[in-house]
Amino acid sequence: MITSDTPNTDLPNDIPTLHRMVQQLLSNVNEQARQIVDLQNQLEWFKRHTFGRRSEKLDANQLILFEGVTDTEDQENASAESDPTPAGTAKKSKSHRNGRRPLPDHLPRERIEYHPPKEDLICSCCGQAKRVMGEEVTEELDYVPASFVVRQHVRLKYVCKHCQEGVVIADLPPRPIEKGRPGTGLLAHVLTSKYADHIPLHRQEGIFKRHGVDMHRSTMCDWVRDCAHLLSPIVHYMKQLILQSKIINTDDTPVPILDGSRTQTRKGYLWAYIGDKRIVVFDYTPTHSRDGPVAFLGGYAGFVQADAYQGYDAFFENGDATEVGCWAHTRRKFYDARTTDPRRAHEMLALIGKLYDVEREAKQNELDASAVKELRQQHSKPILAKISPRLEDWSIEVLPKSPIGQAVGYARGQWEALNQYLHDGDLAIDNNLSERVLRSVAIGRRNWMFAGSDAGAERAAVIYSLVATCKLCHIDPFAYLRDVLDRVSTHPASRIAELTPLEWQSRHCDAPD
């Protein structure tokens, strides 16, 4: 390192060599400065994701600076078309915050009557007894703790009175676990608690003990294994339905796997595949290679909406499926770059916000697919025409490895896929549906920490598939699992479709819409 104390005799005398040395030193200084900026960005990202809010909301005043990115006339027309409310008229709010919602009608009512004191039941004017003229009912919502019940299956034996021969006894009804002690209600409760309510088995063990029932977690683990084996044909049939869908949304999330040959956990992956009939199937793979999506999707030739993970590239290159990009992923990258390049990042966030304004208008007006396509062609397409040249110009101006450079590179690399949603009103602007489905795994992962093995993760994929589908269909997972576990062992394989959540919902009138 050259310092002020370094003698001048250590420097070369020829000017070209000195120029080269200065250039090298400047190059080193620039590289170190870039590394410092990268480390500062990483530190800020980790601090925000560890301690800060995960929301990507922005200050509205910042976005106002970029109001000119779309034509004023187009904005006024869009505003007039999307807001039919006359001036000075307040819109009706759908919020229930100003009033109490009635308690659900299906809940059982316990009637408790209160009568006035006896002395008040005699009329002070004429001395006659007062009669009931009506009542006022005040309802309160209370909770009765869950309880266990021992159901006895009593099989009476019959024998001939005369010869004491020919003893007969009725057969036991089919049970989900042969020679097992749990009923379908208990099995459904354990599965729902773990995979829908994110209560791991060791915590359920403690809850059961409070009820005076000593049930070891290893026993419940065996129950989960047996139930997953019973329910796997339903999930296999649901996979076939997904591959017949027009659109498949997919994403993945890591899950820690406990490997007996290692001292620490390793990563496995759960992939969520969502069909356009609100069907979810989770697939587990021990690695994050492209073999997972390629094997699951096979020869599928519809629309696949996913992030820009390179593992999908081989599937799109070798098949007939159409890739649909995700504007939420694109927006997130520009959001992360807003502190290092606020001008470009906020300008792009403002433009992307305009795209989402169009989607919000379509949703509020409950437009069908053809009307959504027409609305996008009219309003979203001009916005995309403004985004494209900015990305091209910025790709020359910014450093490729900087946060804004990575955001620009991602958008340019996905540009064709990001424009795909313009051409079909059934397509979504982003892949947030997959992220919402995967959120249940992410929340559960914080509680159960890891899967015991690859086989355990595969069983979790089976149960998660049914629970996630129930949630998308607004079905109570407990009611569904209790009923299906009661019938699946004797149900004909040719009628397996009747046990899927969608078919189950159509056959049960009391299932909520």
# chains A, B, ... in the order shown; residues from 1 in each chain; ligands from 1
>>> residues_around(residues="range 187-193 of chain A", least_positions_apart="5", cutoff="6 Å", atoms="only C-alpha atoms", output="list in words")
Ile199, Phe478, Leu481 and Arg482 of chain A
>>> write_last_selection(atoms="N, CA and C atoms", output="compact mmCIF listing (two decimals), in the first residue's frame")
# COMPACT_ATOMS: atom_id res chain seq x y z
N ILE A 199 -50.13 -26.52 14.45
CA ILE A 199 -49.81 -26.99 15.81
C ILE A 199 -49.06 -28.30 15.68
N PHE A 478 -61.57 -29.84 8.69
CA PHE A 478 -61.92 -30.87 9.65
C PHE A 478 -63.15 -31.64 9.20
N LEU A 481 -62.15 -33.86 6.13
CA LEU A 481 -61.30 -35.01 6.45
C LEU A 481 -62.04 -36.04 7.29
N ARG A 482 -62.86 -35.61 8.23
CA ARG A 482 -63.60 -36.56 9.05
C ARG A 482 -64.52 -37.42 8.20
>>> residues_around(residues="Ile352 in chain A", least_positions_apart="2", cutoff="10 Å", atoms="only C-alpha atoms", output="PyMOL selection string")
chain A and resi 327-328+330-331+334+346-350+354-357+380+383-384+387
>>> closest_residue(among="A:Ala493, A:Leu243, A:Tyr464, A:Asp226", to="Glu178 in chain A", atoms="only C-alpha atoms")
A:Asp226
>>> atom_distance(atom1="CA of Tyr143 in chain A", atom2="CA of Ile112 in chain A")
15.9 Å
>>> select_by_dssp(residues="range 210-452 of chain A", states="strand (DSSP E or B)", output="NGL selection string")
:A and (247-257 or 266-275 or 279-285 or 303-305 or 322-324 or 451)
>>> closest_atom_pairs(of="range 321-383 of chain A", to="range 244-265 of chain A", cutoff="10 Å", atoms="only C-alpha atoms", output="Markdown table")
| residue | atom | partner | partner_atom | distance |
| --- | --- | --- | --- | --- |
| A:Ala321 | CA | A:Ile247 | CA | 9.8 |
| A:Thr322 | CA | A:Ile247 | CA | 9.5 |
| A:Val324 | CA | A:Asn249 | CA | 9.2 |
>>> write_last_selection(atoms="N, CA and C atoms", output="mmCIF file, in the first residue's frame")
data_model
loop_
_atom_site.group_PDB
_atom_site.id
_atom_site.type_symbol
_atom_site.label_atom_id
_atom_site.label_comp_id
_atom_site.auth_asym_id
_atom_site.auth_seq_id
_atom_site.Cartn_x
_atom_site.Cartn_y
_atom_site.Cartn_z
ATOM 1 N N ALA A 321 -45.899 -25.643 -23.483
ATOM 2 C CA ALA A 321 -46.529 -24.761 -22.502
ATOM 3 C C ALA A 321 -46.106 -23.315 -22.736
ATOM 4 N N THR A 322 -46.961 -22.383 -22.323
ATOM 5 C CA THR A 322 -46.696 -20.954 -22.459
ATOM 6 C C THR A 322 -46.349 -20.373 -21.097
ATOM 7 N N VAL A 324 -45.982 -17.586 -18.307
ATOM 8 C CA VAL A 324 -46.625 -16.342 -17.897
ATOM 9 C C VAL A 324 -45.820 -15.777 -16.733
#
>>> residues_around(residues="Thr219 in chain A", least_positions_apart="5", cutoff="12 Å", atoms="only C-alpha atoms", output="tab-separated table (two decimals) with N, CA and C atoms, in the first residue's frame")
chain	number	residue	atom	x	y	z
A	180	GLY	N	-56.66	-50.01	14.89
A	180	GLY	CA	-56.25	-48.78	15.57
A	180	GLY	C	-57.34	-48.28	16.50
A	181	ARG	N	-56.97	-47.41	17.43
A	181	ARG	CA	-57.92	-46.92	18.41
A	181	ARG	C	-58.53	-45.56	18.07
A	182	PRO	N	-57.89	-44.74	17.19
A	182	PRO	CA	-58.47	-43.41	16.95
A	182	PRO	C	-59.68	-43.46	16.03
A	187	LEU	N	-58.67	-38.36	14.21
A	187	LEU	CA	-57.68	-38.29	13.13
A	187	LEU	C	-57.79	-36.97	12.38
A	190	VAL	N	-56.31	-34.15	14.48
A	190	VAL	CA	-54.84	-34.13	14.51
A	190	VAL	C	-54.30	-33.57	13.20
A	201	LEU	N	-47.08	-31.87	16.52
A	201	LEU	CA	-47.58	-33.01	17.30
A	201	LEU	C	-47.16	-32.94	18.76
A	202	HIS	N	-45.98	-32.41	19.04
A	202	HIS	CA	-45.56	-32.38	20.45
A	202	HIS	C	-46.42	-31.40	21.25
A	204	GLN	N	-49.64	-30.79	20.44
A	204	GLN	CA	-50.91	-31.49	20.58
A	204	GLN	C	-50.85	-32.52	21.71
A	205	GLU	N	-49.69	-33.13	21.88
A	205	GLU	CA	-49.51	-34.07	22.98
A	205	GLU	C	-49.75	-33.38	24.32
A	214	ASP	N	-53.36	-39.42	27.68
A	214	ASP	CA	-51.93	-39.55	27.46
A	214	ASP	C	-51.70	-40.20	26.10
A	224	VAL	N	-50.62	-40.06	11.24
A	224	VAL	CA	-50.43	-39.20	10.07
A	224	VAL	C	-49.93	-40.03	8.89
A	225	ARG	N	-49.01	-40.93	9.14
A	225	ARG	CA	-48.49	-41.80	8.08
A	225	ARG	C	-49.60	-42.63	7.45
A	226	ASP	N	-50.42	-43.26	8.29
A	226	ASP	CA	-51.49	-44.11	7.77
A	226	ASP	C	-52.55	-43.30	7.03
>>> residues_around(residues="Arg278 in chain A", least_positions_apart="6", cutoff="9 Å", atoms="only C-alpha atoms", output="PyMOL selection string")
chain A and resi 469+472-473+502
>>> write_last_selection(atoms="N, CA and C atoms", output="PDB file, in the first residue's frame")
ATOM      1  N   THR A 469     -56.504 -27.092  -0.703  1.00  0.00           N
ATOM      2  CA  THR A 469     -57.651 -27.079  -1.605  1.00  0.00           C
ATOM      3  C   THR A 469     -58.925 -26.737  -0.851  1.00  0.00           C
ATOM      4  N   LEU A 472     -59.005 -22.973  -0.383  1.00  0.00           N
ATOM      5  CA  LEU A 472     -59.370 -22.247  -1.592  1.00  0.00           C
ATOM      6  C   LEU A 472     -60.857 -22.389  -1.904  1.00  0.00           C
ATOM      7  N   CYS A 473     -61.435 -23.525  -1.531  1.00  0.00           N
ATOM      8  CA  CYS A 473     -62.860 -23.769  -1.777  1.00  0.00           C
ATOM      9  C   CYS A 473     -63.732 -23.333  -0.602  1.00  0.00           C
ATOM     10  N   LEU A 502     -63.637 -30.489  -4.180  1.00  0.00           N
ATOM     11  CA  LEU A 502     -64.624 -29.817  -5.027  1.00  0.00           C
ATOM     12  C   LEU A 502     -65.911 -30.629  -5.131  1.00  0.00           C
TER      13      LEU A 502
END
>>> select_by_dssp(residues="range 334-440 of chain A", states="helix (DSSP H, G or I)", output="CSV table (one decimal) with N, CA and C atoms, in the first residue's frame")
chain,number,residue,atom,x,y,z
A,334,PHE,N,-37.6,-4.0,-7.9
A,334,PHE,CA,-37.5,-2.5,-7.9
A,334,PHE,C,-37.7,-1.9,-6.5
A,335,TYR,N,-38.6,-2.5,-5.8
A,335,TYR,CA,-38.8,-2.0,-4.4
A,335,TYR,C,-37.5,-2.2,-3.6
A,336,ASP,N,-36.8,-3.3,-3.7
A,336,ASP,CA,-35.5,-3.5,-3.0
A,336,ASP,C,-34.4,-2.5,-3.4
A,342,PRO,N,-33.2,5.7,-6.1
A,342,PRO,CA,-34.6,6.1,-5.8
A,342,PRO,C,-35.3,6.6,-7.1
A,343,ARG,N,-34.6,7.4,-7.9
A,343,ARG,CA,-35.3,8.0,-9.1
A,343,ARG,C,-35.8,6.9,-10.0
A,344,ARG,N,-34.9,6.0,-10.4
A,344,ARG,CA,-35.4,5.0,-11.4
A,344,ARG,C,-36.3,4.0,-10.7
A,345,ALA,N,-36.0,3.6,-9.5
A,345,ALA,CA,-36.9,2.6,-8.8
A,345,ALA,C,-38.3,3.1,-8.6
A,346,HIS,N,-38.4,4.4,-8.1
A,346,HIS,CA,-39.8,4.9,-7.8
A,346,HIS,C,-40.5,5.2,-9.1
A,347,GLU,N,-39.8,5.6,-10.2
A,347,GLU,CA,-40.5,5.8,-11.5
A,347,GLU,C,-41.1,4.4,-12.0
A,348,MET,N,-40.3,3.4,-11.8
A,348,MET,CA,-40.8,2.1,-12.3
A,348,MET,C,-41.9,1.6,-11.4
A,349,LEU,N,-41.8,1.8,-10.1
A,349,LEU,CA,-42.9,1.4,-9.2
A,349,LEU,C,-44.2,2.2,-9.5
A,350,ALA,N,-44.0,3.4,-9.9
A,350,ALA,CA,-45.2,4.2,-10.2
A,350,ALA,C,-45.9,3.6,-11.5
A,351,LEU,N,-45.1,3.2,-12.5
A,351,LEU,CA,-45.6,2.6,-13.7
A,351,LEU,C,-46.3,1.3,-13.4
A,352,ILE,N,-45.6,0.4,-12.6
A,352,ILE,CA,-46.2,-0.9,-12.2
A,352,ILE,C,-47.5,-0.7,-11.4
A,353,GLY,N,-47.5,0.4,-10.6
A,353,GLY,CA,-48.8,0.7,-9.9
A,353,GLY,C,-49.9,1.0,-10.8
A,354,LYS,N,-49.6,1.6,-11.9
A,354,LYS,CA,-50.7,1.9,-12.9
A,354,LYS,C,-51.2,0.6,-13.5
A,355,LEU,N,-50.4,-0.4,-13.7
A,355,LEU,CA,-50.8,-1.7,-14.2
A,355,LEU,C,-51.8,-2.3,-13.2
A,356,TYR,N,-51.5,-2.2,-11.9
A,356,TYR,CA,-52.3,-2.8,-10.9
A,356,TYR,C,-53.6,-2.0,-10.7
A,357,ASP,N,-53.6,-0.7,-11.0
A,357,ASP,CA,-54.8,0.0,-11.0
A,357,ASP,C,-55.8,-0.5,-12.0
A,358,VAL,N,-55.4,-0.9,-13.2
A,358,VAL,CA,-56.2,-1.5,-14.2
A,358,VAL,C,-56.8,-2.8,-13.7
A,359,GLU,N,-56.0,-3.7,-13.0
A,359,GLU,CA,-56.5,-4.9,-12.5
A,359,GLU,C,-57.5,-4.7,-11.3
A,360,ARG,N,-57.3,-3.6,-10.6
A,360,ARG,CA,-58.2,-3.3,-9.5
A,360,ARG,C,-59.6,-2.9,-10.0
A,361,GLU,N,-59.5,-2.1,-11.1
A,361,GLU,CA,-60.8,-1.7,-11.7
A,361,GLU,C,-61.6,-2.9,-12.3
A,362,ALA,N,-60.8,-3.9,-12.9
A,362,ALA,CA,-61.5,-5.0,-13.4
A,362,ALA,C,-62.1,-5.9,-12.3
A,363,LYS,N,-61.4,-6.0,-11.2
A,363,LYS,CA,-62.0,-6.8,-10.1
A,363,LYS,C,-63.2,-6.1,-9.5
A,364,GLN,N,-63.1,-4.8,-9.3
A,364,GLN,CA,-64.2,-4.1,-8.7
A,364,GLN,C,-65.5,-4.1,-9.5
A,369,ALA,N,-63.8,-12.6,-18.6
A,369,ALA,CA,-62.5,-12.7,-19.2
A,369,ALA,C,-62.3,-11.8,-20.4
A,370,SER,N,-63.3,-11.8,-21.3
A,370,SER,CA,-63.3,-11.0,-22.5
A,370,SER,C,-63.2,-9.5,-22.2
A,371,ALA,N,-64.0,-9.0,-21.2
A,371,ALA,CA,-64.0,-7.6,-20.8
A,371,ALA,C,-62.6,-7.3,-20.2
A,372,VAL,N,-62.1,-8.2,-19.4
A,372,VAL,CA,-60.7,-7.9,-18.8
A,372,VAL,C,-59.7,-7.8,-19.9
A,373,LYS,N,-59.7,-8.6,-20.9
A,373,LYS,CA,-58.7,-8.5,-22.0
A,373,LYS,C,-58.9,-7.2,-22.7
A,374,GLU,N,-60.1,-6.8,-23.0
A,374,GLU,CA,-60.3,-5.5,-23.6
A,374,GLU,C,-59.8,-4.3,-22.8
A,375,LEU,N,-60.1,-4.4,-21.5
A,375,LEU,CA,-59.6,-3.3,-20.6
A,375,LEU,C,-58.1,-3.3,-20.6
A,376,ARG,N,-57.4,-4.4,-20.5
A,376,ARG,CA,-56.0,-4.4,-20.5
A,376,ARG,C,-55.4,-3.9,-21.8
A,377,GLN,N,-56.0,-4.3,-22.9
A,377,GLN,CA,-55.5,-3.8,-24.2
A,377,GLN,C,-55.6,-2.3,-24.3
A,378,GLN,N,-56.7,-1.7,-23.7
A,378,GLN,CA,-56.9,-0.3,-23.8
A,378,GLN,C,-56.0,0.5,-22.8
A,379,HIS,N,-55.8,0.0,-21.6
A,379,HIS,CA,-55.1,0.8,-20.6
A,379,HIS,C,-53.7,0.2,-20.2
A,380,SER,N,-53.6,-1.1,-20.1
A,380,SER,CA,-52.3,-1.7,-19.7
A,380,SER,C,-51.3,-1.7,-20.8
A,381,LYS,N,-51.7,-1.9,-22.0
A,381,LYS,CA,-50.7,-2.0,-23.1
A,381,LYS,C,-50.0,-0.7,-23.3
A,382,PRO,N,-50.6,0.5,-23.3
A,382,PRO,CA,-49.8,1.7,-23.4
A,382,PRO,C,-48.8,1.9,-22.2
A,383,ILE,N,-49.2,1.4,-21.0
A,383,ILE,CA,-48.3,1.6,-19.9
A,383,ILE,C,-47.0,0.7,-20.2
A,384,LEU,N,-47.3,-0.5,-20.6
A,384,LEU,CA,-46.1,-1.4,-20.9
A,384,LEU,C,-45.3,-0.8,-22.0
A,385,ALA,N,-45.9,-0.1,-23.0
A,385,ALA,CA,-45.1,0.5,-24.0
A,385,ALA,C,-44.2,1.6,-23.5
A,386,LYS,N,-44.5,2.2,-22.4
A,386,LYS,CA,-43.7,3.2,-21.7
A,386,LYS,C,-42.6,2.5,-20.9
A,387,ILE,N,-42.9,1.3,-20.3
A,387,ILE,CA,-41.9,0.7,-19.5
A,387,ILE,C,-40.8,0.1,-20.3
A,388,SER,N,-41.0,-0.5,-21.5
A,388,SER,CA,-40.0,-1.1,-22.3
A,388,SER,C,-38.8,-0.2,-22.6
A,389,PRO,N,-39.0,1.0,-23.2
A,389,PRO,CA,-37.9,1.8,-23.5
A,389,PRO,C,-37.1,2.2,-22.3
A,390,ARG,N,-37.7,2.4,-21.2
A,390,ARG,CA,-37.0,2.8,-20.0
A,390,ARG,C,-36.1,1.6,-19.5
A,391,LEU,N,-36.5,0.4,-19.6
A,391,LEU,CA,-35.7,-0.7,-19.3
A,391,LEU,C,-34.5,-0.8,-20.2
A,392,GLU,N,-34.7,-0.6,-21.5
A,392,GLU,CA,-33.6,-0.6,-22.5
A,392,GLU,C,-32.6,0.5,-22.2
A,393,ASP,N,-33.0,1.7,-21.9
A,393,ASP,CA,-32.1,2.8,-21.6
A,393,ASP,C,-31.4,2.5,-20.3
A,394,TRP,N,-32.1,2.1,-19.3
A,394,TRP,CA,-31.4,1.9,-18.0
A,394,TRP,C,-30.4,0.7,-18.0
A,395,SER,N,-30.7,-0.2,-18.9
A,395,SER,CA,-29.7,-1.4,-18.9
A,395,SER,C,-28.3,-0.9,-19.4
A,396,ILE,N,-28.2,0.2,-20.1
A,396,ILE,CA,-26.9,0.7,-20.5
A,396,ILE,C,-26.3,1.6,-19.4
A,397,GLU,N,-27.2,2.3,-18.6
A,397,GLU,CA,-26.8,3.3,-17.7
A,397,GLU,C,-26.3,2.8,-16.3
A,403,PRO,N,-28.4,-3.3,-7.3
A,403,PRO,CA,-29.8,-3.7,-7.1
A,403,PRO,C,-30.7,-3.3,-8.3
A,404,ILE,N,-30.5,-2.0,-8.8
A,404,ILE,CA,-31.4,-1.6,-9.9
A,404,ILE,C,-31.0,-2.3,-11.1
A,405,GLY,N,-29.7,-2.6,-11.3
A,405,GLY,CA,-29.3,-3.4,-12.5
A,405,GLY,C,-29.9,-4.8,-12.5
A,406,GLN,N,-30.0,-5.4,-11.4
A,406,GLN,CA,-30.6,-6.7,-11.3
A,406,GLN,C,-32.1,-6.7,-11.5
A,407,ALA,N,-32.7,-5.6,-11.0
A,407,ALA,CA,-34.2,-5.5,-11.3
A,407,ALA,C,-34.4,-5.3,-12.8
A,408,VAL,N,-33.6,-4.4,-13.4
A,408,VAL,CA,-33.8,-4.2,-14.8
A,408,VAL,C,-33.5,-5.4,-15.6
A,409,GLY,N,-32.5,-6.2,-15.3
A,409,GLY,CA,-32.1,-7.4,-16.0
A,409,GLY,C,-33.2,-8.4,-15.8
A,410,TYR,N,-33.8,-8.5,-14.6
A,410,TYR,CA,-34.9,-9.5,-14.4
A,410,TYR,C,-36.1,-9.1,-15.3
A,411,ALA,N,-36.5,-7.9,-15.3
A,411,ALA,CA,-37.6,-7.5,-16.1
A,411,ALA,C,-37.4,-7.7,-17.6
A,412,ARG,N,-36.2,-7.3,-18.1
A,412,ARG,CA,-35.9,-7.5,-19.5
A,412,ARG,C,-35.9,-9.0,-19.9
A,413,GLY,N,-35.3,-9.8,-19.0
A,413,GLY,CA,-35.3,-11.3,-19.3
A,413,GLY,C,-36.6,-11.9,-19.3
A,415,TRP,N,-39.5,-10.2,-20.2
A,415,TRP,CA,-40.4,-9.3,-20.8
A,415,TRP,C,-41.5,-10.0,-21.6
A,416,GLU,N,-41.2,-10.9,-22.4
A,416,GLU,CA,-42.2,-11.6,-23.1
A,416,GLU,C,-43.2,-12.3,-22.2
A,417,ALA,N,-42.7,-13.0,-21.2
A,417,ALA,CA,-43.6,-13.6,-20.2
A,417,ALA,C,-44.5,-12.6,-19.4
A,418,LEU,N,-43.9,-11.5,-19.1
A,418,LEU,CA,-44.6,-10.4,-18.4
A,418,LEU,C,-45.7,-9.8,-19.2
A,420,GLN,N,-47.5,-11.5,-21.4
A,420,GLN,CA,-48.4,-12.6,-21.8
A,420,GLN,C,-49.9,-12.4,-21.3
A,421,TYR,N,-50.0,-11.8,-20.1
A,421,TYR,CA,-51.3,-11.7,-19.5
A,421,TYR,C,-52.2,-10.8,-20.2
A,422,LEU,N,-51.7,-9.9,-21.1
A,422,LEU,CA,-52.5,-9.0,-21.9
A,422,LEU,C,-53.4,-9.8,-22.8
A,423,HIS,N,-53.1,-10.9,-23.3
A,423,HIS,CA,-53.7,-11.6,-24.4
A,423,HIS,C,-54.8,-12.6,-23.9
A,432,ASN,N,-49.3,-14.3,-7.2
A,432,ASN,CA,-49.5,-14.1,-5.8
A,432,ASN,C,-50.4,-15.3,-5.2
A,433,LEU,N,-51.2,-15.9,-6.1
A,433,LEU,CA,-52.0,-17.0,-5.6
A,433,LEU,C,-51.1,-18.1,-5.1
A,434,SER,N,-50.0,-18.4,-5.8
A,434,SER,CA,-49.1,-19.5,-5.3
A,434,SER,C,-48.5,-19.1,-4.0
A,435,GLU,N,-48.1,-17.8,-3.9
A,435,GLU,CA,-47.5,-17.4,-2.6
A,435,GLU,C,-48.4,-17.5,-1.4
A,436,ARG,N,-49.7,-17.2,-1.7
A,436,ARG,CA,-50.7,-17.3,-0.6
A,436,ARG,C,-50.8,-18.8,-0.2
A,437,VAL,N,-50.8,-19.7,-1.1
A,437,VAL,CA,-51.0,-21.1,-0.8
A,437,VAL,C,-49.7,-21.6,0.0
A,438,LEU,N,-48.5,-21.1,-0.5
A,438,LEU,CA,-47.3,-21.6,0.2
A,438,LEU,C,-47.2,-20.9,1.6
A,439,ARG,N,-47.9,-19.9,1.9
A,439,ARG,CA,-47.8,-19.2,3.2
A,439,ARG,C,-48.1,-20.2,4.3
A,440,SER,N,-49.1,-21.1,4.1
A,440,SER,CA,-49.4,-22.0,5.2
A,440,SER,C,-48.2,-22.9,5.5
>>> closest_residue(among="A:Gly319, A:Gly275, A:Pro233, A:Asp283", to="Leu499 in chain A", atoms="only C-alpha atoms")
A:Pro233
>>> residues_around(residues="range 117-121 of chain A", least_positions_apart="5", cutoff="9 Å", atoms="only C-alpha atoms", output="list of chain:residue names")
A:Gln128, A:Ala129, A:Lys130, A:Arg131
>>> atom_distance(atom1="CA of Gly444 in chain A", atom2="CA of Ala196 in chain A")
8.3 Å
>>> closest_residue(among="A:Ile475, A:Asp276, A:Arg175, A:Ser465", to="Ile234 in chain A", atoms="only C-alpha atoms")
A:Ser465
>>> atom_distance(atom1="CA of Asn447 in chain A", atom2="CA of Ser147 in chain A")
24.1 Å
